[in-house]
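As provided, run.tsv (TSV, C-alpha atoms and all ligand atoms) reads as follows.
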chain	number	residue	atom	x	y	z
A	1	MET	CA	80.62	-21.07	48.19
A	2	PHE	CA	84.37	-21.60	48.33
A	3	ILE	CA	84.90	-18.89	45.73
A	4	MET	CA	82.76	-16.53	47.70
A	5	ALA	CA	84.80	-17.20	50.85
A	6	SER	CA	88.13	-16.53	49.15
A	7	LYS	CA	86.73	-13.36	47.64
A	8	GLY	CA	85.73	-12.37	51.13
A	9	ILE	CA	89.25	-12.98	52.39
A	10	ALA	CA	90.71	-11.00	49.53
A	11	LEU	CA	88.39	-8.12	50.34
A	12	LEU	CA	89.20	-8.39	54.00
A	13	SER	CA	92.94	-8.19	53.36
A	14	VAL	CA	92.50	-5.12	51.16
A	15	PHE	CA	90.50	-3.63	54.00
A	16	LEU	CA	93.26	-4.43	56.52
A	17	VAL	CA	95.94	-2.84	54.37
A	18	LEU	CA	93.82	0.31	54.16
A	19	VAL	CA	93.07	0.51	57.85
A	20	VAL	CA	96.39	-0.43	59.42
A	21	PRO	CA	98.28	2.84	59.88
A	22	SER	CA	101.84	3.38	58.75
A	23	GLN	CA	104.21	0.84	60.16
A	24	ALA	CA	104.65	0.94	63.92
A	25	GLN	CA	107.99	2.48	64.84
A	26	GLU	CA	110.42	0.70	67.12
A	27	CYS	CA	113.05	1.74	69.61
A	28	PRO	CA	116.52	0.20	69.62
A	29	ALA	CA	117.05	-2.44	72.32
A	30	ALA	CA	117.35	-0.69	75.67
A	31	GLU	CA	120.71	-2.31	76.54
A	32	ASP	CA	122.23	-1.15	73.22
A	33	ILE	CA	121.72	2.53	73.95
A	34	LEU	CA	122.37	2.90	77.68
A	35	PRO	CA	122.49	5.44	79.29
A	36	CYS	CA	120.05	6.80	76.69
A	37	SER	CA	116.40	5.82	76.96
A	38	CYS	CA	113.86	5.56	74.18
A	39	ASN	CA	110.12	5.51	73.83
A	40	VAL	CA	107.56	5.55	71.06
A	41	ASP	CA	104.85	8.08	71.81
A	42	GLU	CA	101.17	8.02	70.86
A	43	ASN	CA	102.01	9.66	67.53
A	44	ASN	CA	104.30	6.77	66.61
A	45	HIS	CA	107.34	9.00	67.19
A	46	VAL	CA	110.59	7.45	68.36
A	47	LYS	CA	112.02	9.71	71.06
A	48	LEU	CA	115.51	9.34	72.39
A	49	ASP	CA	116.68	10.91	75.65
A	50	CYS	CA	120.43	10.94	76.10
A	51	SER	CA	120.64	13.41	78.98
A	52	ASP	CA	122.91	11.10	80.93
A	53	VAL	CA	125.69	10.51	78.39
A	54	THR	CA	129.20	10.97	79.78
A	55	GLY	CA	130.29	13.01	76.77
A	56	GLU	CA	130.69	13.21	73.01
A	57	GLU	CA	132.45	9.86	72.69
A	58	GLU	CA	129.72	7.91	74.39
A	59	LEU	CA	127.01	9.70	72.43
A	60	ALA	CA	128.86	8.97	69.18
A	61	SER	CA	129.27	5.28	70.02
A	62	ILE	CA	125.53	4.94	70.70
A	63	MET	CA	124.59	6.77	67.49
A	64	ALA	CA	126.93	4.52	65.50
A	65	LYS	CA	124.91	1.43	66.45
A	66	GLU	CA	122.34	-0.06	64.16
A	67	PHE	CA	118.81	1.09	65.01
A	68	PRO	CA	115.59	-0.51	63.69
A	69	SER	CA	115.32	2.61	61.56
A	70	ASN	CA	117.81	5.43	61.00
A	71	GLU	CA	114.94	7.85	61.42
A	72	VAL	CA	114.49	8.96	65.00
A	73	PHE	CA	111.91	11.62	65.70
A	74	SER	CA	113.69	13.49	68.46
A	75	LEU	CA	116.91	13.61	70.42
A	76	MET	CA	116.73	15.23	73.86
A	77	ILE	CA	119.74	16.06	76.03
A	78	GLN	CA	119.11	18.28	79.05
A	79	TYR	CA	121.25	19.60	81.91
A	80	ASN	CA	124.34	17.78	80.65
A	81	MET	CA	127.63	19.58	81.36
A	82	ASN	CA	129.80	16.79	79.90
A	83	LEU	CA	128.75	17.03	76.27
A	84	LYS	CA	130.85	19.93	74.99
A	85	THR	CA	130.98	19.33	71.26
A	86	LEU	CA	128.67	18.02	68.62
A	87	LYS	CA	131.18	16.84	66.05
A	88	THR	CA	130.55	16.29	62.37
A	89	THR	CA	130.42	12.55	63.05
A	90	THR	CA	128.67	12.46	66.45
A	91	LEU	CA	125.17	11.70	65.18
A	92	ALA	CA	126.45	9.15	62.63
A	93	ASP	CA	123.77	8.14	60.12
A	94	LYS	CA	120.79	8.98	62.34
A	95	ILE	CA	118.17	11.33	60.95
A	96	PHE	CA	116.10	13.55	63.24
A	97	THR	CA	113.04	15.78	63.07
A	98	GLU	CA	113.88	17.54	66.34
A	99	ILE	CA	117.15	17.99	68.19
A	100	HIS	CA	117.00	19.54	71.66
A	101	ILE	CA	120.24	19.99	73.57
A	102	GLN	CA	119.35	22.41	76.36
A	103	ALA	CA	120.71	23.94	79.52
A	104	GLY	CA	124.10	22.25	79.45
A	105	GLY	CA	127.73	22.73	78.61
A	106	LEU	CA	127.66	22.53	74.82
A	107	GLU	CA	130.39	24.82	73.41
A	108	SER	CA	130.55	23.91	69.76
A	109	VAL	CA	128.29	22.57	67.04
A	110	ASP	CA	130.77	21.68	64.33
A	111	ALA	CA	130.20	22.08	60.60
A	112	GLY	CA	127.94	19.36	59.27
A	113	ALA	CA	127.01	18.00	62.71
A	114	CYS	CA	123.29	17.99	61.90
A	115	LEU	CA	123.43	17.92	58.11
A	116	GLY	CA	122.40	14.26	58.06
A	117	SER	CA	118.94	15.61	58.92
A	118	VAL	CA	119.05	18.33	56.30
A	119	SER	CA	115.66	17.53	54.80
A	120	THR	CA	113.85	16.39	57.98
A	121	LEU	CA	114.93	18.70	60.78
A	122	LYS	CA	112.11	21.01	61.92
A	123	LYS	CA	113.33	22.09	65.34
A	124	MET	CA	116.92	22.79	66.26
A	125	ASP	CA	117.06	23.76	69.89
A	126	PHE	CA	120.39	24.50	71.58
A	127	ARG	CA	119.06	26.92	74.19
A	128	THR	CA	121.07	27.93	77.24
A	129	ASN	CA	124.45	26.34	76.63
A	130	LYS	CA	127.92	27.84	76.18
A	131	LEU	CA	127.96	27.92	72.40
A	132	THR	CA	130.45	30.13	70.61
A	133	VAL	CA	130.76	27.94	67.50
A	134	TYR	CA	127.79	27.16	65.31
A	135	PRO	CA	127.54	26.68	61.53
A	136	PHE	CA	125.19	29.56	60.73
A	137	ASP	CA	126.12	29.39	57.05
A	138	GLU	CA	124.57	25.91	56.76
A	139	ILE	CA	121.08	27.00	57.81
A	140	PRO	CA	119.82	27.71	54.27
A	141	GLN	CA	120.35	24.03	53.45
A	142	TYR	CA	117.71	22.83	55.91
A	143	THR	CA	114.59	22.61	53.81
A	144	SER	CA	112.10	21.88	56.63
A	145	LEU	CA	113.50	24.02	59.44
A	146	LEU	CA	110.79	25.87	61.39
A	147	GLN	CA	112.39	26.64	64.75
A	148	LEU	CA	115.92	27.67	65.61
A	149	ARG	CA	116.48	28.28	69.30
A	150	LEU	CA	119.94	29.52	70.18
A	151	GLY	CA	119.04	31.85	73.07
A	152	GLY	CA	121.21	31.98	76.16
A	153	ASN	CA	124.55	31.12	74.58
A	154	LEU	CA	127.84	33.03	74.20
A	155	PHE	CA	127.68	34.38	70.65
A	156	GLU	CA	129.27	37.83	70.47
A	157	THR	CA	127.65	39.25	67.37
A	158	PHE	CA	124.15	38.90	66.04
A	159	PRO	CA	124.44	36.33	63.25
A	160	HIS	CA	123.15	36.69	59.72
A	161	ILE	CA	120.71	33.85	59.25
A	162	SER	CA	119.12	32.93	55.99
A	163	SER	CA	116.26	30.47	55.67
A	164	PRO	CA	113.22	30.35	53.42
A	165	THR	CA	111.28	28.26	55.97
A	166	LEU	CA	112.26	29.43	59.46
A	167	GLU	CA	109.26	30.67	61.49
A	168	PHE	CA	110.65	31.00	65.00
A	169	LEU	CA	114.06	32.42	65.86
A	170	ASP	CA	115.25	32.69	69.46
A	171	LEU	CA	118.48	34.59	70.11
A	172	HIS	CA	117.63	36.04	73.53
A	173	GLY	CA	120.16	36.32	76.31
A	174	HIS	CA	123.28	37.68	74.65
A	175	ASP	CA	125.18	40.95	74.68
A	176	PHE	CA	124.89	41.81	71.00
A	177	GLY	CA	124.58	45.58	71.35
A	178	ALA	CA	123.03	45.87	67.90
A	179	ILE	CA	121.42	43.93	65.09
A	180	PRO	CA	123.55	44.44	61.97
A	181	ASP	CA	121.81	45.80	58.87
A	182	GLY	CA	120.12	43.04	56.93
A	183	ALA	CA	120.63	40.36	59.58
A	184	LEU	CA	116.96	39.39	59.40
A	185	SER	CA	116.26	40.24	55.78
A	186	ASP	CA	116.63	36.70	54.49
A	187	LEU	CA	113.96	35.23	56.75
A	188	PRO	CA	110.76	35.66	54.72
A	189	SER	CA	108.79	33.15	56.82
A	190	LEU	CA	109.76	34.56	60.21
A	191	GLU	CA	106.74	34.84	62.54
A	192	ILE	CA	108.20	34.83	66.04
A	193	LEU	CA	111.38	36.55	67.16
A	194	PHE	CA	112.83	36.41	70.69
A	195	ILE	CA	115.58	38.97	71.24
A	196	TYR	CA	114.99	39.85	74.89
A	197	ARG	CA	117.97	40.47	77.16
A	198	ALA	CA	120.16	40.94	74.11
A	199	GLY	CA	121.95	44.18	75.02
A	200	LEU	CA	120.16	46.05	72.22
A	201	THR	CA	120.16	49.85	72.31
A	202	GLU	CA	118.16	50.39	69.16
A	203	ILE	CA	116.05	48.61	66.58
A	204	PRO	CA	116.20	50.61	63.39
A	205	PHE	CA	113.22	50.58	61.06
A	206	GLU	CA	115.18	48.75	58.34
A	207	THR	CA	115.79	45.77	60.63
A	208	PHE	CA	112.45	44.25	59.73
A	209	GLU	CA	112.41	44.87	56.01
A	210	GLY	CA	111.72	41.52	54.43
A	211	THR	CA	110.01	39.96	57.44
A	212	THR	CA	106.51	40.21	56.05
A	213	LYS	CA	105.02	37.57	58.36
A	214	LEU	CA	106.37	38.73	61.70
A	215	ARG	CA	103.62	38.20	64.28
A	216	ASP	CA	105.18	38.15	67.75
A	217	ILE	CA	108.31	39.85	69.00
A	218	ASP	CA	109.90	39.96	72.43
A	219	ILE	CA	112.44	42.78	72.82
A	220	SER	CA	112.08	43.14	76.59
A	221	TYR	CA	115.01	43.79	78.94
A	222	ASN	CA	117.10	45.73	76.45
A	223	GLN	CA	118.19	49.39	76.52
A	224	ILE	CA	116.04	50.54	73.62
A	225	SER	CA	114.86	54.17	73.74
A	226	ARG	CA	112.94	54.43	70.47
A	227	ILE	CA	110.79	52.18	68.33
A	228	GLU	CA	110.59	53.36	64.77
A	229	GLY	CA	108.42	50.90	62.93
A	230	LEU	CA	107.42	47.51	64.21
A	231	THR	CA	104.91	46.09	61.79
A	232	MET	CA	103.13	42.96	62.93
A	233	HIS	CA	101.03	40.60	60.89
A	234	GLY	CA	98.25	38.21	61.79
A	235	ASP	CA	95.48	38.14	64.37
A	236	ASP	CA	97.29	37.09	67.53
A	237	SER	CA	100.15	39.52	67.06
A	238	TYR	CA	101.97	40.91	70.07
A	239	ILE	CA	104.96	43.05	71.03
A	240	ILE	CA	106.70	42.54	74.35
A	241	ALA	CA	108.84	45.62	75.02
A	242	ASP	CA	108.87	45.95	78.80
A	243	HIS	CA	112.00	46.90	80.72
A	244	ASN	CA	113.54	49.21	78.15
A	245	GLN	CA	114.16	52.96	78.15
A	246	ILE	CA	111.51	53.91	75.64
A	247	VAL	CA	110.59	57.61	75.83
A	248	SER	CA	107.57	59.41	74.36
A	249	SER	CA	109.72	61.17	71.77
A	250	GLY	CA	110.99	57.78	70.61
A	251	LEU	CA	107.48	56.76	69.57
A	252	SER	CA	105.24	57.80	66.70
A	253	ALA	CA	102.16	56.69	64.80
A	254	ASN	CA	104.41	54.20	62.97
A	255	SER	CA	105.89	52.58	66.04
A	256	PHE	CA	103.42	49.73	66.41
A	257	THR	CA	101.53	48.82	63.30
A	258	GLY	CA	99.17	45.89	62.91
A	259	VAL	CA	99.31	44.68	66.49
A	260	LYS	CA	96.00	42.97	67.20
A	261	ASP	CA	96.51	41.34	70.54
A	262	TYR	CA	98.88	42.92	73.04
A	263	VAL	CA	101.65	45.42	73.61
A	264	SER	CA	103.64	45.21	76.82
A	265	MET	CA	105.35	48.50	77.64
A	266	TRP	CA	105.61	48.26	81.41
A	267	ASN	CA	108.68	49.71	83.02
A	268	ASN	CA	109.68	52.22	80.37
A	269	LEU	CA	110.09	56.02	80.38
A	270	VAL	CA	106.93	57.14	78.56
A	271	ASP	CA	105.70	60.43	80.04
A	272	VAL	CA	103.43	61.93	77.39
A	273	PHE	CA	100.68	59.48	76.39
A	274	ASP	CA	100.52	60.72	72.85
A	275	GLU	CA	97.27	60.25	70.93
A	276	ALA	CA	98.95	59.84	67.54
A	277	THR	CA	101.00	56.93	68.83
A	278	TRP	CA	98.44	55.10	70.90
A	279	ARG	CA	94.97	55.71	69.49
A	280	PRO	CA	95.47	53.57	66.35
A	281	LEU	CA	96.79	50.74	68.48
A	282	LEU	CA	93.92	50.80	70.97
A	283	GLU	CA	91.31	51.28	68.24
A	284	GLY	CA	92.75	48.24	66.50
A	285	GLY	CA	91.74	46.22	69.56
A	286	ALA	CA	95.16	45.64	71.11
A	287	ARG	CA	95.48	45.68	74.85
A	288	LEU	CA	98.26	47.77	76.32
A	289	ASP	CA	100.24	47.38	79.52
A	290	ILE	CA	101.67	50.84	80.20
A	291	THR	CA	102.15	50.37	83.94
A	292	ASP	CA	105.35	51.60	85.55
A	293	ASN	CA	105.86	54.59	83.26
A	294	PRO	CA	106.07	58.22	84.46
A	295	LEU	CA	102.83	59.21	82.71
A	296	LYS	CA	101.75	62.84	82.83
A	297	CYS	CA	98.08	63.07	83.62
A	298	ASP	CA	97.57	66.52	82.14
A	299	CYS	CA	95.62	67.51	79.04
A	300	THR	CA	97.83	65.26	76.90
A	301	ILE	CA	95.96	62.24	78.26
A	302	ALA	CA	92.45	63.75	77.99
A	303	TRP	CA	91.65	61.88	74.74
A	304	LEU	CA	92.00	58.63	76.65
A	305	VAL	CA	90.35	59.57	79.92
A	306	LEU	CA	87.29	60.84	78.02
A	307	ASN	CA	86.77	57.52	76.23
A	308	GLY	CA	85.76	54.57	78.37
A	309	THR	CA	86.04	52.13	75.47
A	310	LEU	CA	89.67	52.94	74.93
A	311	MET	CA	90.34	53.07	78.68
A	312	ASN	CA	89.17	49.46	78.85
A	313	GLN	CA	92.01	48.44	76.55
A	314	LEU	CA	94.53	49.22	79.28
A	315	ALA	CA	95.81	46.17	81.11
A	316	TYR	CA	96.42	46.12	84.85
A	317	GLU	CA	96.31	49.47	86.67
A	318	PRO	CA	98.52	52.11	85.05
A	319	THR	CA	99.21	55.15	87.20
A	320	CYS	CA	100.15	58.77	86.68
A	321	SER	CA	103.64	59.80	87.69
A	322	ASN	CA	102.17	61.02	90.98
A	323	GLY	CA	100.89	57.52	91.73
A	324	ALA	CA	97.19	58.11	91.01
A	325	PRO	CA	95.57	55.29	89.02
A	326	ILE	CA	94.46	56.55	85.59
A	327	SER	CA	91.15	54.75	86.03
A	328	MET	CA	90.39	56.98	89.03
A	329	LEU	CA	90.84	60.29	87.17
A	330	ASP	CA	87.66	62.31	86.99
A	331	PRO	CA	86.78	62.75	83.29
A	332	SER	CA	84.93	66.00	84.00
A	333	LEU	CA	88.27	67.59	84.88
A	334	PHE	CA	89.46	66.94	81.32
A	335	GLU	CA	86.47	68.32	79.46
A	336	ASP	CA	88.01	71.77	79.10
A	337	CYS	CA	91.28	70.51	77.69
A	401	LIG	C1	85.77	56.12	71.84
A	401	LIG	O1	86.60	55.69	70.79
A	401	LIG	C2	86.01	54.76	69.94
A	401	LIG	C3	87.08	54.27	69.01
A	401	LIG	O2	87.66	55.34	68.34
A	401	LIG	C4	84.85	55.41	69.23
A	401	LIG	O3	84.24	54.47	68.36
A	401	LIG	C5	83.85	55.91	70.24
A	401	LIG	O4	82.84	56.62	69.60
A	401	LIG	C6	84.56	56.79	71.25
A	401	LIG	N1	83.62	57.07	72.32
A	401	LIG	C7	83.49	58.30	72.82
A	401	LIG	C8	82.51	58.42	73.93
A	401	LIG	O5	84.08	59.27	72.37
Target format structure tokens, applied to this file:
Amino acid sequence: MFIMASKGIALLSVFLVLVVPSQAQECPAAEDILPCSCNVDENNHVKLDCSDVTGEEELASIMAKEFPSNEVFSLMIQYNMNLKTLKTTTLADKIFTEIHIQAGGLESVDAGACLGSVSTLKKMDFRTNKLTVYPFDEIPQYTSLLQLRLGGNLFETFPHISSPTLEFLDLHGHDFGAIPDGALSDLPSLEILFIYRAGLTEIPFETFEGTTKLRDIDISYNQISRIEGLTMHGDDSYIIADHNQIVSSGLSANSFTGVKDYVSMWNNLVDVFDEATWRPLLEGGARLDITDNPLKCDCTIAWLVLNGTLMNQLAYEPTCSNGAPISMLDPSLFEDC
């Protein structure tokens, strides 16, 4: 009887070890990290918010304290104009999976500032600051990096970034003028690229050589007049190209390849709705927003007007240059084209 009971306890404890999830994570004591705050979310992630720090020194002194574990899931700092530099030593021995310092006054991320997290960091997000200094040459060292968001800063030239793992790159909101040859060619895992409002006047075909997984691209609000060969991959692929200066002669059958979901072309300068360019896209099932273009509704558009299936792929209500909605054109008038 006694033996049975102890066996039962032994079994029970094995059971408990199996069922109890990984050790519950803990925040540092609240008074140790003021003005930062910390919580452990439902995924057992320790999340630190230091939006109210008075500057680099205070942040560094908090990070230098002993935490229950050096591993912190995320650091968030938002709308903070006082933190201007992330120094090599600022984050001390703390190791992060995500760092978000957004919409503030950050001017410089010094060499090595985030290298403590070199094997854990998945998201590095320094959107909308005043960055001119950033250690681009360190990026290949991050072995888990998936997202790099540096849009809305003050970089003057489009950086060369190399990463075997990076899936999402955001460099919108700059005045780059051009993407140098090969700048994206060492990003074999790149799926999503945001380069809207980047002062771009062209995107040469070669730009995307090597990006064999590119799925979504946003090149809106540039001054691009031609698209030579954007090849997208995957089922929910889209191209956002509105607010450019794209003309009919800047497009061809190779302009948009593999787009399955959506192409936004509103507010461009397309006049001839050329069958060679657009039929493959619409037949592939993509929806197209071609509103706000000076479309000629002559015989060049007959192939579309005469096919209700393809007409249905048009989003919103595109109009001819004279203002008439394309959907209201009488197909019988195009039968003799
Ligand atoms: C419209 O185009 C689709 C796709 O190419 C084609 O399958 C269909 O037969 C066409 N319909 C007409 C009425 O021409």
Using all atoms listed in the file, the shortest atom-to-atom distance to A:Glu191 among A:Gln147, A:Thr97, A:Ser255, A:Thr309 belongs to A:Gln147
*asked:* Residues near A:Pro35, anyone? I mean within 7 Å using all atoms listed in the file, not counting same-chain ones fewer than 2 positions away, as JSON, numbers by chain.
replied: {"A": [33, 37, 50, 52, 53]}
Practice item. Identify the residues within 9 Å of coordinate (132.1, 15.9, 68.6) (same frame as the file), considering all atoms listed in the file, and give the answer as a PyMOL selection string. Key: chain A and resi 55-57+59-60+83-91+108-110+113
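Restricting the calculation to all atoms listed in the file, the smallest distance between ligand LIG 401 (chain A) and any of A:Ser163, A:Ser225, A:Gln245, A:Gln313 is found for A:Gln313.
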Using all atoms listed in the file, determine which residues fall within 10 Å of ligand LIG 401 (chain A), then list them as number ranges by chain. A: 279-280, 282-285, 303-311
Students should find that atom CA of A:Tyr238 and atom CA of A:Glu275 are spaced 19.9 Å
Self-check item: Within 9 Å of file point (103.4, 43.1, 64.6), counting all atoms listed in the file, expressed as a list in words
Solution: Lys213, Leu214, Arg215, Asp216, Ile217, Leu230, Thr231, Met232, His233, Gly234, Ser237, Tyr238, Ile239, Phe256, Thr257, Gly258, Val259 and Lys260 of chain A
- Message: Can you pull out the residues contacting A:Phe158? Cut-off 9 Å, using only C-alpha atoms, and skip same-chain residues under 4 positions away; I want them as a list in words.
- Response: Leu171, His174, Asp175, Phe176, Gly177, Ala178, Ile179, Pro180 and Ala183 of chain A
Take every atom of stretch 81-96 of chain A listed in the file, fit an axis-aligned box around them, add 4 Å per side, and give the centre and edge lengths in Å to one decimal as AutoDock Vina command-line options.
--center_x 123.6 --center_y 14.0 --center_z 70.7 --size_x 23.1 --size_y 19.8 --size_z 29.2
Next on the checklist: Just the number, please: distance in Å from atom CA of A:His243 to atom CA of A:Arg226, one decimal.
Outcome noted: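 Straight-line distance from atom CA of A:His243 to atom CA of A:Arg226 works out to 12.8 Å.
The interatomic distance for the pair atom CA of A:Ile161 and atom CA of A:Pro188 works out to 11.1 Å.
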Which residues are near A:Glu167? Cut-off 6 Å, only C-alpha atoms, ignore same chain within fewer than 3 positions. Put them as an NGL selection string.
:A and (146 or 189-191)
Practice prompt. Give the answer as one residue: which of A:Thr300, A:Thr207, A:Asp49, A:Leu314 has the shortest atom-to-atom distance to A:Ala30, using all atoms listed in the file?
Written response: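 Among A:Thr300, A:Thr207, A:Asp49, A:Leu314, it is A:Asp49 that comes nearest to A:Ala30.
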- Message: List as a list in words the protein and nucleic acid residues near A:Ser162, meaning an atom at most 6 Å away when all atoms listed in the file are counted, but skip any in the same chain fewer than 6 places from it.
- Response: Pro140, Asp186 and Leu187 of chain A
Requested in this report: Would you mind listing what lies within 7 Å of A:Tyr79 as number ranges by chain, with only C-alpha atoms counted and same-chain residues fewer than 5 positions away left out?
Outcome: A: 51, 102-104
The selected residues should be written to file as a tab-separated table (two decimals), keeping the file's coordinate frame (atoms: C-alpha atoms).
chain	number	residue	atom	x	y	z
A	51	SER	CA	120.64	13.41	78.98
A	102	GLN	CA	119.35	22.41	76.36
A	103	ALA	CA	120.71	23.94	79.52
A	104	GLY	CA	124.10	22.25	79.45
From the list A:Ile203, A:Leu154, A:Ile62, A:Val46, the nearest residue to A:Leu106 using all atoms listed in the file is A:Leu154
